[in-house]
Amino acid sequence: MNRQSLWQRWSGLAAGVSLLVVGVAWMPAVDADTAGSNLAQSEASSALPEIWQPASAEDEALVWQFVLQSPLGVAALNQLAIEGFISPVCEKTLYTHVEYGSFQTLLQVQCPTPGGVSTARAYDEMRVTFNRFEDTINDFSVERIYVD
């Protein structure tokens with residue numbers, strides 16, 4: 001292998017890693033109090049609150065377009081992939097907020113086998129909530145659902 005082809009391969013790898021790092025850097029910070037309450041709420045019930053309704057076919061197409069064209073949308077999908085929740089056997093369902101419509105969307109991913117990156121706990125389900133302003137995703141949050 002010559003130097004130029006080795007450099008081209010390294011540049012391609014570095015670009016892919018930088019996209020992942022940029023996505024992680026854009027993830028919203030979660031303080032310890034909020035994380036603890038989300039975890040306790042997740043353990044208590046895996047049912048969705050009544051503020052969510054299944055997305056229509058039109059809303060689904062629109063949401064996927066925004067997710068795939070937004071750096072934060074790609075970052076959220078990267079997080080799902082890192083934790084093993086991007087798979088053809090995982091069931092993916094989109095919900096829209098009753099009041100805000102497709103400006104706030106919930107992606108629920110349920111897999112037949114638990115996943116996650118923690119060695120202490122595996123998750124049965126992951127939920128990603130996207131908040132959008134106009135055509136851009138402003139932020140997202142990830143919730144991990146498990147049952148003891």
# chains A, B, ... in the order shown; residues from 1 in each chain; ligands from 1

$ select_by_dssp --residues "stretch 43-140 of chain A" --states "strand (DSSP E or B)" --output "JSON, numbers by chain"
{"A": [52, 53, 54, 91, 92, 93, 94, 95, 96, 97, 101, 102, 103, 104, 105, 106, 107, 108, 109, 110, 111, 112, 113, 114, 115, 123, 124, 125, 126, 127, 128, 129, 130, 131, 132, 133, 136, 137, 138, 139, 140]}

$ residues_around --residues "A:Glu50" --least-positions-apart "5" --cutoff "12 Å" --atoms "only C-alpha atoms" --output "PyMOL selection string"
chain A and resi 95-99

$ write_last_selection --atoms "all heavy atoms" --output "short mmCIF file (atom, residue, chain, number, x, y, z; two decimals), in the first residue's frame"
data_model
loop_
_atom_site.label_atom_id
_atom_site.label_comp_id
_atom_site.auth_asym_id
_atom_site.auth_seq_id
_atom_site.Cartn_x
_atom_site.Cartn_y
_atom_site.Cartn_z
N TYR A 95 -44.36 8.18 17.52
CA TYR A 95 -45.52 8.82 18.12
C TYR A 95 -45.34 10.33 18.02
O TYR A 95 -44.21 10.82 18.07
CB TYR A 95 -45.64 8.44 19.61
CG TYR A 95 -45.90 6.98 19.84
CD1 TYR A 95 -44.84 6.09 20.02
CD2 TYR A 95 -47.19 6.48 19.89
CE1 TYR A 95 -45.05 4.74 20.23
CE2 TYR A 95 -47.42 5.12 20.11
CZ TYR A 95 -46.36 4.27 20.28
OH TYR A 95 -46.58 2.94 20.49
N THR A 96 -46.44 11.04 17.89
CA THR A 96 -46.39 12.49 17.92
C THR A 96 -47.08 12.98 19.18
O THR A 96 -47.94 12.30 19.73
CB THR A 96 -47.07 13.11 16.69
OG1 THR A 96 -48.41 12.65 16.61
CG2 THR A 96 -46.32 12.76 15.42
N HIS A 97 -46.70 14.16 19.61
CA HIS A 97 -47.28 14.76 20.81
C HIS A 97 -48.70 15.22 20.48
O HIS A 97 -48.95 15.78 19.41
CB HIS A 97 -46.42 15.93 21.26
CG HIS A 97 -46.70 16.40 22.64
ND1 HIS A 97 -47.75 17.24 22.93
CD2 HIS A 97 -46.08 16.13 23.81
CE1 HIS A 97 -47.75 17.49 24.22
NE2 HIS A 97 -46.75 16.82 24.79
N VAL A 98 -49.63 15.00 21.39
CA VAL A 98 -51.02 15.36 21.17
C VAL A 98 -51.16 16.86 20.92
O VAL A 98 -51.87 17.30 20.01
CB VAL A 98 -51.90 14.93 22.37
CG1 VAL A 98 -53.30 15.48 22.26
CG2 VAL A 98 -51.92 13.42 22.49
N GLU A 99 -50.44 17.68 21.70
CA GLU A 99 -50.57 19.13 21.59
C GLU A 99 -49.64 19.74 20.54
O GLU A 99 -50.03 20.64 19.81
CB GLU A 99 -50.27 19.76 22.95
CG GLU A 99 -50.51 21.25 23.00
CD GLU A 99 -50.27 21.83 24.39
OE1 GLU A 99 -50.26 21.07 25.38
OE2 GLU A 99 -50.07 23.05 24.46
#

$ atom_distance --atom1 "atom CA of A:Val67" --atom2 "atom CA of A:Leu94"
11.8 Å

$ residues_around --residues "stretch 55-58 of chain A" --least-positions-apart "6" --cutoff "12 Å" --atoms "only C-alpha atoms" --output "PDB file with all heavy atoms, in the first residue's frame"
ATOM      1  N   TRP A  64     -39.016  11.125   9.679  1.00  0.00           N
ATOM      2  CA  TRP A  64     -37.806  10.425   9.228  1.00  0.00           C
ATOM      3  C   TRP A  64     -36.953  11.331   8.357  1.00  0.00           C
ATOM      4  O   TRP A  64     -35.721  11.294   8.407  1.00  0.00           O
ATOM      5  CB  TRP A  64     -38.145   9.129   8.496  1.00  0.00           C
ATOM      6  CG  TRP A  64     -38.490   8.024   9.434  1.00  0.00           C
ATOM      7  CD1 TRP A  64     -39.669   7.361   9.529  1.00  0.00           C
ATOM      8  CD2 TRP A  64     -37.643   7.453  10.443  1.00  0.00           C
ATOM      9  NE1 TRP A  64     -39.613   6.424  10.535  1.00  0.00           N
ATOM     10  CE2 TRP A  64     -38.384   6.454  11.109  1.00  0.00           C
ATOM     11  CE3 TRP A  64     -36.335   7.693  10.850  1.00  0.00           C
ATOM     12  CZ2 TRP A  64     -37.854   5.701  12.157  1.00  0.00           C
ATOM     13  CZ3 TRP A  64     -35.807   6.944  11.892  1.00  0.00           C
ATOM     14  CH2 TRP A  64     -36.564   5.959  12.522  1.00  0.00           C
ATOM     15  N   GLN A  65     -37.596  12.172   7.547  1.00  0.00           N
ATOM     16  CA  GLN A  65     -36.841  13.118   6.718  1.00  0.00           C
ATOM     17  C   GLN A  65     -36.047  14.075   7.605  1.00  0.00           C
ATOM     18  O   GLN A  65     -34.863  14.304   7.375  1.00  0.00           O
ATOM     19  CB  GLN A  65     -37.803  13.896   5.821  1.00  0.00           C
ATOM     20  CG  GLN A  65     -37.121  14.929   4.946  1.00  0.00           C
ATOM     21  CD  GLN A  65     -38.126  15.713   4.121  1.00  0.00           C
ATOM     22  OE1 GLN A  65     -39.319  15.467   4.140  1.00  0.00           O
ATOM     23  NE2 GLN A  65     -37.624  16.693   3.393  1.00  0.00           N
ATOM     24  N   LYS A  92     -39.858  -0.607  15.671  1.00  0.00           N
ATOM     25  CA  LYS A  92     -39.732   0.842  15.797  1.00  0.00           C
ATOM     26  C   LYS A  92     -41.101   1.479  15.587  1.00  0.00           C
ATOM     27  O   LYS A  92     -41.758   1.209  14.596  1.00  0.00           O
ATOM     28  CB  LYS A  92     -38.741   1.382  14.778  1.00  0.00           C
ATOM     29  CG  LYS A  92     -37.340   0.849  14.936  1.00  0.00           C
ATOM     30  CD  LYS A  92     -36.571   1.007  13.649  1.00  0.00           C
ATOM     31  CE  LYS A  92     -35.474   0.028  13.458  1.00  0.00           C
ATOM     32  NZ  LYS A  92     -35.815  -1.365  13.435  1.00  0.00           N
ATOM     33  N   THR A  93     -41.522   2.325  16.527  1.00  0.00           N
ATOM     34  CA  THR A  93     -42.814   2.992  16.426  1.00  0.00           C
ATOM     35  C   THR A  93     -42.628   4.471  16.688  1.00  0.00           C
ATOM     36  O   THR A  93     -41.948   4.858  17.642  1.00  0.00           O
ATOM     37  CB  THR A  93     -43.806   2.418  17.467  1.00  0.00           C
ATOM     38  OG1 THR A  93     -43.811   0.995  17.377  1.00  0.00           O
ATOM     39  CG2 THR A  93     -45.205   2.930  17.215  1.00  0.00           C
ATOM     40  N   LEU A  94     -43.216   5.288  15.829  1.00  0.00           N
ATOM     41  CA  LEU A  94     -43.158   6.737  16.003  1.00  0.00           C
ATOM     42  C   LEU A  94     -44.469   7.246  16.573  1.00  0.00           C
ATOM     43  O   LEU A  94     -45.551   6.810  16.166  1.00  0.00           O
ATOM     44  CB  LEU A  94     -42.904   7.431  14.670  1.00  0.00           C
ATOM     45  CG  LEU A  94     -41.469   7.440  14.175  1.00  0.00           C
ATOM     46  CD1 LEU A  94     -41.403   7.986  12.759  1.00  0.00           C
ATOM     47  CD2 LEU A  94     -40.591   8.278  15.078  1.00  0.00           C
ATOM     48  N   TYR A  95     -44.358   8.177  17.517  1.00  0.00           N
ATOM     49  CA  TYR A  95     -45.520   8.820  18.123  1.00  0.00           C
ATOM     50  C   TYR A  95     -45.339  10.327  18.024  1.00  0.00           C
ATOM     51  O   TYR A  95     -44.211  10.824  18.074  1.00  0.00           O
ATOM     52  CB  TYR A  95     -45.640   8.439  19.611  1.00  0.00           C
ATOM     53  CG  TYR A  95     -45.895   6.978  19.844  1.00  0.00           C
ATOM     54  CD1 TYR A  95     -44.836   6.092  20.018  1.00  0.00           C
ATOM     55  CD2 TYR A  95     -47.191   6.479  19.892  1.00  0.00           C
ATOM     56  CE1 TYR A  95     -45.055   4.744  20.232  1.00  0.00           C
ATOM     57  CE2 TYR A  95     -47.421   5.124  20.114  1.00  0.00           C
ATOM     58  CZ  TYR A  95     -46.359   4.266  20.279  1.00  0.00           C
ATOM     59  OH  TYR A  95     -46.578   2.936  20.489  1.00  0.00           O
ATOM     60  N   THR A  96     -46.437  11.042  17.894  1.00  0.00           N
ATOM     61  CA  THR A  96     -46.393  12.493  17.920  1.00  0.00           C
ATOM     62  C   THR A  96     -47.082  12.975  19.180  1.00  0.00           C
ATOM     63  O   THR A  96     -47.943  12.297  19.734  1.00  0.00           O
ATOM     64  CB  THR A  96     -47.070  13.111  16.687  1.00  0.00           C
ATOM     65  OG1 THR A  96     -48.415  12.650  16.606  1.00  0.00           O
ATOM     66  CG2 THR A  96     -46.318  12.764  15.415  1.00  0.00           C
ATOM     67  N   HIS A  97     -46.704  14.159  19.613  1.00  0.00           N
ATOM     68  CA  HIS A  97     -47.284  14.760  20.808  1.00  0.00           C
ATOM     69  C   HIS A  97     -48.704  15.222  20.481  1.00  0.00           C
ATOM     70  O   HIS A  97     -48.953  15.779  19.413  1.00  0.00           O
ATOM     71  CB  HIS A  97     -46.422  15.935  21.256  1.00  0.00           C
ATOM     72  CG  HIS A  97     -46.701  16.398  22.638  1.00  0.00           C
ATOM     73  ND1 HIS A  97     -47.749  17.238  22.931  1.00  0.00           N
ATOM     74  CD2 HIS A  97     -46.082  16.131  23.808  1.00  0.00           C
ATOM     75  CE1 HIS A  97     -47.755  17.488  24.225  1.00  0.00           C
ATOM     76  NE2 HIS A  97     -46.746  16.823  24.793  1.00  0.00           N
ATOM     77  N   VAL A  98     -49.628  14.997  21.393  1.00  0.00           N
ATOM     78  CA  VAL A  98     -51.024  15.364  21.173  1.00  0.00           C
ATOM     79  C   VAL A  98     -51.158  16.861  20.922  1.00  0.00           C
ATOM     80  O   VAL A  98     -51.872  17.295  20.014  1.00  0.00           O
ATOM     81  CB  VAL A  98     -51.901  14.928  22.374  1.00  0.00           C
ATOM     82  CG1 VAL A  98     -53.302  15.484  22.258  1.00  0.00           C
ATOM     83  CG2 VAL A  98     -51.920  13.422  22.493  1.00  0.00           C
ATOM     84  N   GLY A 101     -47.953  18.079  17.969  1.00  0.00           N
ATOM     85  CA  GLY A 101     -47.883  17.370  16.693  1.00  0.00           C
ATOM     86  C   GLY A 101     -46.489  16.840  16.426  1.00  0.00           C
ATOM     87  O   GLY A 101     -45.810  16.346  17.317  1.00  0.00           O
ATOM     88  N   SER A 102     -46.036  16.976  15.181  1.00  0.00           N
ATOM     89  CA  SER A 102     -44.738  16.412  14.805  1.00  0.00           C
ATOM     90  C   SER A 102     -43.564  17.278  15.263  1.00  0.00           C
ATOM     91  O   SER A 102     -42.416  16.928  15.007  1.00  0.00           O
ATOM     92  CB  SER A 102     -44.668  16.204  13.293  1.00  0.00           C
ATOM     93  OG  SER A 102     -44.713  17.446  12.624  1.00  0.00           O
ATOM     94  N   PHE A 103     -43.824  18.399  15.954  1.00  0.00           N
ATOM     95  CA  PHE A 103     -42.722  19.199  16.482  1.00  0.00           C
ATOM     96  C   PHE A 103     -42.082  18.534  17.694  1.00  0.00           C
ATOM     97  O   PHE A 103     -40.978  18.854  18.078  1.00  0.00           O
ATOM     98  CB  PHE A 103     -43.197  20.616  16.836  1.00  0.00           C
ATOM     99  CG  PHE A 103     -43.428  21.448  15.611  1.00  0.00           C
ATOM    100  CD1 PHE A 103     -44.699  21.600  15.103  1.00  0.00           C
ATOM    101  CD2 PHE A 103     -42.368  22.043  14.961  1.00  0.00           C
ATOM    102  CE1 PHE A 103     -44.908  22.349  13.960  1.00  0.00           C
ATOM    103  CE2 PHE A 103     -42.569  22.799  13.820  1.00  0.00           C
ATOM    104  CZ  PHE A 103     -43.851  22.946  13.313  1.00  0.00           C
ATOM    105  N   GLN A 104     -42.809  17.611  18.316  1.00  0.00           N
ATOM    106  CA  GLN A 104     -42.214  16.768  19.360  1.00  0.00           C
ATOM    107  C   GLN A 104     -42.607  15.331  19.039  1.00  0.00           C
ATOM    108  O   GLN A 104     -43.789  15.002  18.965  1.00  0.00           O
ATOM    109  CB  GLN A 104     -42.682  17.159  20.748  1.00  0.00           C
ATOM    110  CG  GLN A 104     -41.914  16.419  21.830  1.00  0.00           C
ATOM    111  CD  GLN A 104     -42.217  16.964  23.214  1.00  0.00           C
ATOM    112  OE1 GLN A 104     -43.356  17.230  23.538  1.00  0.00           O
ATOM    113  NE2 GLN A 104     -41.172  17.112  24.017  1.00  0.00           N
ATOM    114  N   THR A 105     -41.617  14.505  18.818  1.00  0.00           N
ATOM    115  CA  THR A 105     -41.844  13.143  18.350  1.00  0.00           C
ATOM    116  C   THR A 105     -41.115  12.160  19.252  1.00  0.00           C
ATOM    117  O   THR A 105     -40.017  12.426  19.722  1.00  0.00           O
ATOM    118  CB  THR A 105     -41.301  12.983  16.911  1.00  0.00           C
ATOM    119  OG1 THR A 105     -41.845  14.018  16.101  1.00  0.00           O
ATOM    120  CG2 THR A 105     -41.688  11.654  16.324  1.00  0.00           C
ATOM    121  N   LEU A 106     -41.737  11.014  19.465  1.00  0.00           N
ATOM    122  CA  LEU A 106     -41.143   9.948  20.270  1.00  0.00           C
ATOM    123  C   LEU A 106     -40.899   8.745  19.369  1.00  0.00           C
ATOM    124  O   LEU A 106     -41.809   8.293  18.666  1.00  0.00           O
ATOM    125  CB  LEU A 106     -42.077   9.554  21.410  1.00  0.00           C
ATOM    126  CG  LEU A 106     -41.618   8.363  22.248  1.00  0.00           C
ATOM    127  CD1 LEU A 106     -40.523   8.801  23.213  1.00  0.00           C
ATOM    128  CD2 LEU A 106     -42.776   7.781  23.019  1.00  0.00           C
ATOM    129  N   LEU A 107     -39.673   8.252  19.365  1.00  0.00           N
ATOM    130  CA  LEU A 107     -39.328   7.018  18.664  1.00  0.00           C
ATOM    131  C   LEU A 107     -39.155   5.942  19.721  1.00  0.00           C
ATOM    132  O   LEU A 107     -38.273   6.047  20.580  1.00  0.00           O
ATOM    133  CB  LEU A 107     -38.037   7.184  17.859  1.00  0.00           C
ATOM    134  CG  LEU A 107     -37.443   5.917  17.246  1.00  0.00           C
ATOM    135  CD1 LEU A 107     -38.412   5.278  16.250  1.00  0.00           C
ATOM    136  CD2 LEU A 107     -36.113   6.217  16.585  1.00  0.00           C
ATOM    137  N   GLN A 108     -40.010   4.932  19.681  1.00  0.00           N
ATOM    138  CA  GLN A 108     -39.948   3.823  20.633  1.00  0.00           C
ATOM    139  C   GLN A 108     -39.349   2.623  19.906  1.00  0.00           C
ATOM    140  O   GLN A 108     -39.826   2.234  18.841  1.00  0.00           O
ATOM    141  CB  GLN A 108     -41.358   3.499  21.126  1.00  0.00           C
ATOM    142  CG  GLN A 108     -41.414   2.355  22.099  1.00  0.00           C
ATOM    143  CD  GLN A 108     -42.852   2.020  22.482  1.00  0.00           C
ATOM    144  OE1 GLN A 108     -43.762   2.127  21.659  1.00  0.00           O
ATOM    145  NE2 GLN A 108     -43.056   1.617  23.717  1.00  0.00           N
TER     146      GLN A 108
END

$ atom_distance --atom1 "atom CA of A:Ala47" --atom2 "atom CA of A:Asp59"
21.9 Å

$ residues_around --residues "A:Ile145" --least-positions-apart "5" --cutoff "6 Å" --atoms "only C-alpha atoms" --output "list in words"
Ser42, Tyr123, Asp124, Glu125 and Met126 of chain A
